[in-house]
file work08.tsv (TSV, C-alpha atoms)
chain	number	residue	atom	x	y	z
A	15	MET	CA	74.68	49.25	119.90
A	16	SER	CA	74.82	47.27	123.13
A	17	VAL	CA	73.22	48.66	126.27
A	18	LYS	CA	75.61	50.42	128.65
A	19	ILE	CA	74.94	49.68	132.31
A	20	ILE	CA	75.41	52.55	134.76
A	21	ASP	CA	75.51	52.03	138.51
A	22	GLY	CA	73.31	54.75	139.97
A	23	SER	CA	74.73	54.35	143.47
A	24	VAL	CA	78.39	55.24	142.84
A	25	LEU	CA	80.12	58.31	144.32
A	26	GLU	CA	77.51	61.08	144.76
A	27	GLY	CA	74.88	58.46	144.04
A	28	GLY	CA	72.04	60.87	143.31
A	29	GLY	CA	70.24	62.71	140.55
A	30	GLN	CA	73.42	63.98	138.91
A	31	ILE	CA	74.17	60.47	137.62
A	32	LEU	CA	70.74	60.38	135.98
A	33	ARG	CA	70.98	63.85	134.45
A	34	LEU	CA	74.41	63.36	132.92
A	35	SER	CA	73.76	59.78	131.82
A	36	VAL	CA	70.62	60.60	129.84
A	37	ALA	CA	72.35	63.63	128.27
A	38	PHE	CA	75.33	61.54	127.12
A	39	SER	CA	72.96	58.76	126.03
A	40	CYS	CA	71.01	61.17	123.86
A	41	LEU	CA	74.07	62.82	122.30
A	42	LEU	CA	75.93	59.59	121.58
A	43	GLU	CA	72.82	57.55	120.71
A	44	GLN	CA	73.91	55.08	123.39
A	45	PRO	CA	71.19	52.91	124.99
A	46	ILE	CA	71.58	52.73	128.77
A	47	LEU	CA	70.32	50.89	131.80
A	48	ILE	CA	70.75	52.76	135.07
A	49	ASN	CA	70.30	50.52	138.10
A	50	LYS	CA	70.55	51.04	141.87
A	51	ILE	CA	69.13	54.54	141.40
A	52	ARG	CA	69.77	56.60	144.54
A	53	ALA	CA	70.27	53.31	146.39
A	54	GLY	CA	72.09	54.94	149.29
A	55	ARG	CA	69.37	57.50	149.97
A	56	SER	CA	66.77	57.16	152.72
A	57	ASN	CA	64.10	57.34	149.98
A	58	PRO	CA	65.71	55.53	147.02
A	59	GLY	CA	64.49	55.54	143.44
A	60	LEU	CA	63.19	58.15	141.04
A	61	LYS	CA	61.34	61.18	142.39
A	62	PRO	CA	59.22	63.75	140.52
A	63	GLN	CA	62.18	66.08	139.97
A	64	HIS	CA	64.17	63.29	138.31
A	65	LEU	CA	61.23	62.21	136.17
A	66	ALA	CA	60.76	65.77	134.89
A	67	GLY	CA	64.33	65.87	133.61
A	68	ILE	CA	64.08	62.41	132.05
A	69	GLN	CA	60.84	63.38	130.31
A	70	LEU	CA	62.51	66.47	128.86
A	71	ILE	CA	65.47	64.59	127.37
A	72	LYS	CA	63.14	61.83	126.18
A	73	GLN	CA	61.29	64.42	124.09
A	74	MET	CA	64.56	65.77	122.67
A	75	CYS	CA	65.71	62.46	121.18
A	76	TYR	CA	62.49	60.48	120.67
A	77	ALA	CA	63.68	57.99	123.29
A	78	THR	CA	61.80	54.93	124.45
A	79	THR	CA	61.99	54.27	128.17
A	80	ASN	CA	61.11	51.72	130.78
A	81	GLY	CA	61.06	52.27	134.52
A	82	ASP	CA	60.42	56.00	134.36
A	83	ARG	CA	57.98	56.05	137.24
A	84	GLN	CA	58.12	57.27	140.81
A	85	ASN	CA	60.30	55.22	143.20
A	86	SER	CA	61.68	53.05	140.40
A	87	CYS	CA	65.30	52.04	141.05
A	88	GLU	CA	65.99	51.05	137.45
A	89	LEU	CA	65.66	53.01	134.21
A	90	THR	CA	66.12	51.91	130.61
A	91	PHE	CA	66.67	54.78	128.17
A	92	GLN	CA	66.84	54.01	124.42
A	93	PRO	CA	67.52	57.18	122.39
A	94	LYS	CA	66.80	57.59	118.72
A	95	SER	CA	67.97	60.53	116.60
A	96	LEU	CA	68.31	63.97	118.14
A	97	LYS	CA	65.31	66.14	117.39
A	98	MET	CA	66.17	68.69	114.71
A	99	GLY	CA	64.68	71.99	113.67
A	100	ASN	CA	63.46	74.98	115.64
A	101	PHE	CA	61.56	73.11	118.31
A	102	ASN	CA	59.58	74.10	121.34
A	103	LEU	CA	59.38	71.73	124.28
A	104	ASN	CA	57.26	72.10	127.38
A	105	VAL	CA	57.89	70.12	130.55
A	106	ASN	CA	55.74	70.66	133.63
A	107	SER	CA	57.00	68.97	136.76
A	108	GLN	CA	53.82	69.87	138.72
A	109	THR	CA	56.12	70.10	141.77
A	110	ALA	CA	59.02	72.26	142.90
A	111	ALA	CA	61.39	70.18	140.77
A	112	SER	CA	64.51	72.23	140.09
A	113	ILE	CA	64.45	73.99	136.72
A	114	PRO	CA	68.22	74.70	136.95
A	115	LEU	CA	68.82	70.94	137.22
A	116	MET	CA	66.60	70.31	134.19
A	117	ILE	CA	68.83	72.76	132.32
A	118	GLN	CA	71.86	70.74	133.42
A	119	SER	CA	70.57	67.87	131.25
A	120	ALA	CA	68.88	69.77	128.46
A	121	LEU	CA	71.49	72.39	127.55
A	122	PRO	CA	74.33	70.03	126.49
A	123	VAL	CA	71.84	68.23	124.24
A	124	ALA	CA	70.23	71.33	122.74
A	125	ILE	CA	73.52	72.91	121.68
A	126	PHE	CA	74.23	69.99	119.34
A	127	SER	CA	70.95	70.33	117.46
A	128	ASN	CA	71.23	72.08	114.10
A	129	HIS	CA	68.67	74.80	114.86
A	130	ASN	CA	67.65	77.13	117.63
A	131	SER	CA	65.76	75.65	120.54
A	132	SER	CA	63.14	77.02	122.89
A	133	ILE	CA	62.33	74.99	125.99
A	134	THR	CA	59.70	75.99	128.54
A	135	MET	CA	60.16	74.42	131.97
A	136	LYS	CA	57.84	74.64	134.95
A	137	GLY	CA	58.83	73.86	138.52
A	138	GLY	CA	61.13	75.44	141.09
A	139	THR	CA	63.48	78.28	140.20
A	140	ASP	CA	65.08	78.63	143.63
A	141	VAL	CA	65.03	75.42	145.67
A	142	SER	CA	67.33	73.51	148.00
A	143	PHE	CA	70.07	71.19	146.71
A	144	SER	CA	70.21	73.05	143.41
A	145	PRO	CA	71.76	76.16	141.88
A	146	SER	CA	69.39	79.13	141.76
A	147	MET	CA	68.31	80.51	138.40
A	148	ASP	CA	70.18	83.76	139.05
A	149	TYR	CA	73.36	81.72	139.61
A	150	VAL	CA	72.75	79.82	136.36
A	151	LYS	CA	72.20	83.02	134.37
A	152	ASN	CA	74.97	85.14	135.86
A	153	VAL	CA	77.69	82.59	136.65
A	154	LEU	CA	77.26	79.44	134.56
A	155	PHE	CA	76.00	80.91	131.28
A	156	PRO	CA	78.89	83.40	130.92
A	157	ILE	CA	81.39	80.59	131.59
A	158	TYR	CA	79.64	78.33	129.08
A	159	LYS	CA	80.06	81.09	126.50
A	160	LEU	CA	83.81	80.41	126.57
A	161	PHE	CA	83.03	76.97	125.14
A	162	GLY	CA	81.00	78.61	122.37
A	163	VAL	CA	77.64	78.00	124.04
A	164	HIS	CA	75.12	80.79	123.43
A	165	CYS	CA	71.96	80.59	125.47
A	166	ASP	CA	69.67	82.63	127.67
A	167	ALA	CA	66.89	82.02	130.15
A	168	LEU	CA	63.86	84.18	130.74
A	169	ILE	CA	62.45	83.77	134.24
A	170	THR	CA	58.75	84.43	133.68
A	171	LYS	CA	57.71	83.33	137.16
A	172	ARG	CA	59.57	82.33	140.32
A	173	GLY	CA	58.79	79.00	141.96
A	174	PHE	CA	59.62	77.66	145.42
A	175	TYR	CA	59.21	74.55	147.51
A	176	PRO	CA	56.74	72.86	147.90
A	177	LYS	CA	54.39	74.06	145.14
A	178	GLY	CA	56.82	75.07	142.43
A	179	ARG	CA	54.78	76.87	139.76
A	180	GLY	CA	57.79	78.77	138.48
A	181	GLU	CA	58.45	79.05	134.77
A	182	VAL	CA	61.61	79.55	132.74
A	183	VAL	CA	62.01	79.74	128.97
A	184	LEU	CA	65.44	78.53	127.86
A	185	THR	CA	66.60	79.60	124.40
A	186	VAL	CA	69.63	77.92	122.88
A	187	ASN	CA	71.64	78.49	119.71
A	188	PRO	CA	73.55	75.52	118.27
A	189	VAL	CA	77.33	75.53	118.53
A	190	ALA	CA	79.39	76.09	115.41
A	191	ASP	CA	80.66	72.57	114.61
A	192	TYR	CA	82.48	71.88	117.91
A	193	LEU	CA	82.67	73.13	121.47
A	194	ASN	CA	85.82	75.15	122.12
A	195	PRO	CA	88.27	73.88	124.72
A	196	VAL	CA	88.79	76.39	127.54
A	197	GLN	CA	91.71	77.64	129.60
A	198	ILE	CA	90.36	78.99	132.87
A	199	ASN	CA	93.59	78.97	134.84
A	200	ASN	CA	94.55	82.64	135.18
A	201	PHE	CA	92.86	84.32	138.14
A	202	GLY	CA	93.20	87.83	136.75
A	203	ASP	CA	92.93	91.19	138.51
A	204	HIS	CA	91.30	92.39	141.72
A	205	PRO	CA	87.64	91.62	141.05
A	206	ALA	CA	84.58	93.74	140.60
A	207	ILE	CA	81.69	92.08	142.40
A	208	LYS	CA	78.09	92.11	141.25
A	209	GLY	CA	75.23	90.95	143.45
A	210	PHE	CA	71.67	89.85	142.73
A	211	VAL	CA	69.23	89.88	145.65
A	212	PHE	CA	65.60	88.96	145.24
A	213	ILE	CA	62.66	87.98	147.40
A	214	SER	CA	59.29	86.96	146.07
A	215	GLY	CA	55.99	86.35	147.80
A	216	PRO	CA	52.38	87.50	148.09
A	217	LYS	CA	51.87	91.11	147.08
A	218	TYR	CA	50.82	92.22	150.57
A	219	GLN	CA	54.35	91.42	151.79
A	220	ASN	CA	56.07	93.72	149.28
A	221	ASN	CA	56.88	96.52	151.73
A	222	LYS	CA	58.40	94.10	154.23
A	223	ASN	CA	60.34	92.28	151.50
A	224	ASN	CA	61.66	95.55	150.08
A	225	GLN	CA	63.16	96.36	153.46
A	226	ILE	CA	64.70	92.89	153.78
A	227	ILE	CA	66.47	93.03	150.42
A	228	GLN	CA	67.80	96.52	151.09
A	229	ASP	CA	69.14	95.33	154.44
A	230	ILE	CA	70.78	92.31	152.78
A	231	ALA	CA	72.34	94.48	150.06
A	232	THR	CA	73.78	96.84	152.67
A	233	ALA	CA	75.09	94.00	154.84
A	234	VAL	CA	76.75	92.27	151.88
A	235	LYS	CA	78.48	95.48	150.79
A	236	ASN	CA	79.71	96.16	154.31
A	237	LYS	CA	81.10	92.66	154.75
A	238	LEU	CA	82.90	92.68	151.40
A	239	ASN	CA	84.25	96.18	152.07
A	240	LEU	CA	85.82	94.95	155.31
A	241	SER	CA	87.63	92.26	153.30
A	242	GLY	CA	89.08	94.81	150.88
A	243	TYR	CA	86.56	94.64	148.03
A	244	HIS	CA	85.06	97.98	147.09
A	245	LYS	CA	83.91	97.67	143.46
A	246	ILE	CA	80.48	96.30	144.29
A	247	THR	CA	77.11	96.77	142.57
A	248	ILE	CA	73.97	95.02	143.73
A	249	GLU	CA	70.68	94.60	141.88
A	250	THR	CA	67.55	94.03	143.95
A	251	GLU	CA	64.18	92.63	142.99
A	252	VAL	CA	60.90	92.08	144.82
A	253	GLY	CA	58.42	89.89	142.99
A	254	ASP	CA	54.93	88.47	143.34
A	255	SER	CA	54.49	84.69	143.45
A	256	ASP	CA	52.29	81.95	144.87
A	257	GLY	CA	54.97	80.85	147.31
A	258	SER	CA	57.62	82.74	149.21
A	259	GLY	CA	61.39	82.62	148.92
A	260	GLY	CA	64.46	84.35	147.62
A	261	SER	CA	68.14	84.12	146.92
A	262	VAL	CA	71.38	86.06	146.92
A	263	VAL	CA	73.98	85.53	144.20
A	264	LEU	CA	77.42	87.14	144.08
A	265	VAL	CA	79.66	87.13	141.01
A	266	ALA	CA	83.30	88.21	141.19
A	267	ASP	CA	84.66	89.20	137.76
A	268	THR	CA	88.45	89.40	137.54
A	269	GLY	CA	88.58	89.91	133.79
A	270	THR	CA	89.70	86.33	133.16
A	271	SER	CA	87.64	84.42	135.73
A	272	LEU	CA	84.10	84.42	137.09
A	273	ILE	CA	83.69	83.15	140.63
A	274	GLY	CA	80.18	82.77	141.98
A	275	SER	CA	78.47	82.22	145.29
A	276	SER	CA	74.82	81.81	146.17
A	277	ALA	CA	72.48	81.25	149.10
A	278	LEU	CA	68.74	80.75	149.40
A	279	TYR	CA	66.58	82.97	151.57
A	280	ASP	CA	64.14	80.88	153.60
A	281	MET	CA	61.33	83.14	154.83
A	282	ARG	CA	60.91	81.02	157.98
A	283	LYS	CA	64.54	80.54	158.99
A	284	SER	CA	66.89	83.00	157.30
A	285	THR	CA	68.03	86.29	158.75
A	286	VAL	CA	69.86	89.15	157.10
A	287	ASN	CA	73.03	88.19	158.96
A	288	SER	CA	72.81	84.47	158.24
A	289	ILE	CA	72.37	84.80	154.49
A	290	THR	CA	75.00	87.55	154.29
A	291	ASP	CA	77.56	85.41	156.09
A	292	GLU	CA	76.75	82.34	154.00
A	293	VAL	CA	77.03	83.96	150.59
A	294	CYS	CA	80.02	86.18	151.42
A	295	ASP	CA	82.06	83.55	153.26
A	296	LYS	CA	81.88	81.13	150.33
A	297	LEU	CA	82.97	83.80	147.87
A	298	LEU	CA	85.78	85.10	150.07
A	299	LEU	CA	87.13	81.58	150.52
A	300	ASP	CA	87.55	81.21	146.75
A	301	LEU	CA	88.93	84.73	146.27
A	302	GLU	CA	91.49	84.25	149.04
A	303	VAL	CA	93.16	81.35	147.20
A	304	LYS	CA	92.51	82.85	143.74
A	305	SER	CA	90.32	80.03	142.50
A	306	CYS	CA	89.34	80.57	138.85
A	307	VAL	CA	85.88	79.03	139.24
A	308	ASP	CA	83.86	78.15	142.31
A	309	PRO	CA	83.34	74.49	143.28
A	310	ASN	CA	79.67	74.50	142.27
A	311	ALA	CA	80.50	75.71	138.78
A	312	MET	CA	83.27	73.14	138.37
A	313	ASP	CA	81.02	70.08	138.27
A	314	ASN	CA	78.78	71.76	135.68
A	315	LEU	CA	81.74	72.27	133.32
A	316	ILE	CA	82.76	68.61	133.13
A	317	ILE	CA	80.35	67.52	130.37
A	318	PHE	CA	81.39	70.48	128.19
A	319	MET	CA	85.09	69.75	128.76
A	320	ALA	CA	84.50	66.11	127.77
A	321	LEU	CA	82.71	67.04	124.54
A	322	ALA	CA	85.01	69.93	123.52
A	323	ASN	CA	87.45	69.68	120.63
A	324	GLY	CA	90.81	69.81	122.41
A	325	LYS	CA	92.42	70.20	125.81
A	326	SER	CA	90.74	72.22	128.55
A	327	LYS	CA	92.26	73.33	131.85
A	328	VAL	CA	90.38	74.78	134.81
A	329	LYS	CA	91.72	75.77	138.23
A	330	CYS	CA	89.43	75.31	141.21
A	331	ARG	CA	89.83	75.43	144.97
A	332	GLU	CA	87.82	72.34	145.84
A	333	ILE	CA	87.09	69.17	143.89
A	334	THR	CA	83.69	68.14	145.19
A	335	LEU	CA	82.07	64.73	145.09
A	336	HIS	CA	79.76	66.11	142.40
A	337	THR	CA	82.78	66.96	140.24
A	338	LYS	CA	84.29	63.51	140.77
A	339	THR	CA	80.95	61.95	139.85
A	340	ALA	CA	80.64	64.06	136.70
A	341	ILE	CA	84.14	62.99	135.63
A	342	TYR	CA	83.32	59.34	136.33
A	343	ILE	CA	80.16	59.48	134.18
A	344	ALA	CA	81.93	61.36	131.36
A	345	GLU	CA	84.63	58.70	131.25
A	346	GLN	CA	82.02	55.92	131.24
A	347	PHE	CA	80.47	57.31	128.06
A	348	THR	CA	83.40	58.84	126.17
A	349	ASP	CA	87.12	58.49	125.55
A	350	ALA	CA	87.71	61.85	127.23
A	351	LYS	CA	90.54	61.62	129.73
A	352	PHE	CA	90.56	63.74	132.85
A	353	SER	CA	93.34	64.40	135.32
A	354	ILE	CA	93.34	66.36	138.57
A	355	LYS	CA	96.60	67.91	139.75
A	356	GLN	CA	97.02	69.37	143.22
A	357	LEU	CA	98.99	72.61	142.99
A	358	ASP	CA	101.26	74.17	145.59
A	359	ASP	CA	98.98	77.18	146.05
A	360	GLY	CA	96.12	75.09	147.42
A	361	LEU	CA	94.29	74.90	144.11
A	362	ASN	CA	93.49	71.95	141.87
A	363	GLU	CA	93.89	71.95	138.11
A	364	VAL	CA	91.40	69.83	136.17
A	365	THR	CA	92.62	68.91	132.68
A	366	CYS	CA	90.64	67.12	129.99
A	367	GLU	CA	91.34	66.10	126.42
A	368	GLY	CA	87.86	66.31	124.92
A	369	ILE	CA	86.46	64.05	122.22
A	370	GLY	CA	85.46	66.81	119.78
A	371	LEU	CA	81.81	65.87	119.31
A	372	LYS	CA	80.51	67.51	116.13
A	373	THR	CA	77.10	69.08	115.77
A	374	PHE	CA	74.53	66.89	114.05

call {"tool": "encode", "arguments": {"input": "work08.tsv", "output": "structure tokens"}}
result
Amino acid sequence: MSVKIIDGSVLEGGGQILRLSVAFSCLLEQPILINKIRAGRSNPGLKPQHLAGIQLIKQMCYATTNGDRQNSCELTFQPKSLKMGNFNLNVNSQTAASIPLMIQSALPVAIFSNHNSSITMKGGTDVSFSPSMDYVKNVLFPIYKLFGVHCDALITKRGFYPKGRGEVVLTVNPVADYLNPVQINNFGDHPAIKGFVFISGPKYQNNKNNQIIQDIATAVKNKLNLSGYHKITIETEVGDSDGSGGSVVLVADTGTSLIGSSALYDMRKSTVNSITDEVCDKLLLDLEVKSCVDPNAMDNLIIFMALANGKSKVKCREITLHTKTAIYIAEQFTDAKFSIKQLDDGLNEVTCEGIGLKTF
């Protein structure tokens, strides 16, 4: 099979192109050359967080690579057959590389293996420019289940910038033959909202952190109450870790849709009011227009829509550059055809006729 050349500078022009490209390469056994990697960034080329994800997928399909080194602007990735059997993989980024972004590459590959998978990843669980692990577990995983994806993640240790040192064990069951197409285009009823608030740090800070998370939980409830939402439950957690950090995740469940919102708690900069406003305002914006998924979830669904066996439709408020990039990469690798229709109610409907990739 001839090598497919991918321009790493198009559209979003960042790590998403790498993550999706190596996942498609592995699944379709398509050799690739990615050039101009992060060319538009102030610090172009591969960074430790990108290399961790590449190393993970490399293990999953016995790939041979060239250029997988720090600051390289070109990567050759030559996959072999997808690793079969009940396998355990361990990738240690040795930095605060985002574990949720490693999952973005690894999960679509693991579900097409013919046995259960267990993947241990070390790095950052809650870092900037990435979903948080609580968002992945409570927003993305339940939506993925509609495609027939069954997985879970055990957060054994939280990790933050700059040291990382977090650990997550991802367990994945293979799909039954094909991914299901999805119809996520009916907003549903007035939502019940669930919140997840956590802060982690050195043990001596536990009393202070307990007070902060209780204050955040109260402020979030009050703000949502003022907007007419009263079915609210919030789980709180204070943990011990080498570094310090936290996050707030909200999930609105309408019965037919899950709409998420998240914000990181920076121990140096964040206040109770700032994180409350950030996480609530994003959620309320989507609920106001009755979006069926949030914009951050939308770009994560594209690879599953492309691989599913049939037509999927998803309504979303905003089509981000990440979503456009994910569609572009999916169409570079597959015959999946996407369309985006602007609706009169301010929403967008993303439609895709998937290729029906069968499990190996």

call {"tool": "atom_distance", "arguments": {"input": "work08.tsv", "atom1": "CA of Pro216 in chain A", "atom2": "CA of Gly137 in chain A"}}
result
17.9 Å

call {"tool": "closest_residue", "arguments": {"input": "work08.tsv", "among": "A:Val211, A:Val153, A:Asp82, A:Ile169", "to": "Asp308 in chain A", "atoms": "all atoms listed in the file"}}
result
A:Val153

call {"tool": "residues_near_point", "arguments": {"input": "work08.tsv", "point": "(76.1, 93.4, 154.8)", "cutoff": "12 Å", "atoms": "only C-alpha atoms", "output": "ChimeraX atom specification"}}
result
/A:209,211,226-241,246,248,262,285-295

call {"tool": "residues_near_point", "arguments": {"input": "work08.tsv", "point": "(59.9, 81.9, 136.8)", "cutoff": "7 Å", "atoms": "only C-alpha atoms", "output": "MDAnalysis selection string"}}
result
chainID A and resid 139 169:173 180:182

call {"tool": "closest_residue", "arguments": {"input": "work08.tsv", "among": "A:Gln30, A:Ser127, A:Ser276, A:Thr247", "to": "Met147 in chain A", "atoms": "only C-alpha atoms"}}
result
A:Ser276

call {"tool": "closest_residue", "arguments": {"input": "work08.tsv", "among": "A:Pro114, A:Gly368, A:Gly242, A:Pro62", "to": "Phe155 in chain A", "atoms": "only C-alpha atoms"}}
result
A:Pro114

call {"tool": "atom_distance", "arguments": {"input": "work08.tsv", "atom1": "CA of Ile341 in chain A", "atom2": "CA of Cys366 in chain A"}}
result
9.5 Å

call {"tool": "closest_residue", "arguments": {"input": "work08.tsv", "among": "A:Asn199, A:Met281, A:Val105, A:Phe161", "to": "Phe174 in chain A", "atoms": "all atoms listed in the file"}}
result
A:Met281

call {"tool": "residues_around", "arguments": {"input": "work08.tsv", "residues": "Tyr149 in chain A", "least_positions_apart": "4", "cutoff": "8 Å", "atoms": "only C-alpha atoms", "output": "PyMOL selection string"}}
result
chain A and resi 145+153-154+263+274-276

call {"tool": "closest_residue", "arguments": {"input": "work08.tsv", "among": "A:His336, A:Lys94, A:Lys217, A:His164", "to": "Gly257 in chain A", "atoms": "all atoms listed in the file"}}
result
A:Lys217

call {"tool": "atom_distance", "arguments": {"input": "work08.tsv", "atom1": "CA of Glu363 in chain A", "atom2": "CA of Leu115 in chain A"}}
result
25.1 Å

call {"tool": "closest_residue", "arguments": {"input": "work08.tsv", "among": "A:Val252, A:Ala277, A:Ile317, A:Leu272", "to": "Pro195 in chain A", "atoms": "all atoms listed in the file"}}
result
A:Ile317

call {"tool": "residues_around", "arguments": {"input": "work08.tsv", "residues": "Ile354 in chain A", "least_positions_apart": "3", "cutoff": "9 Å", "atoms": "only C-alpha atoms", "output": "list in words"}}
result
Ile333, Asn362, Glu363, Val364 and Thr365 of chain A
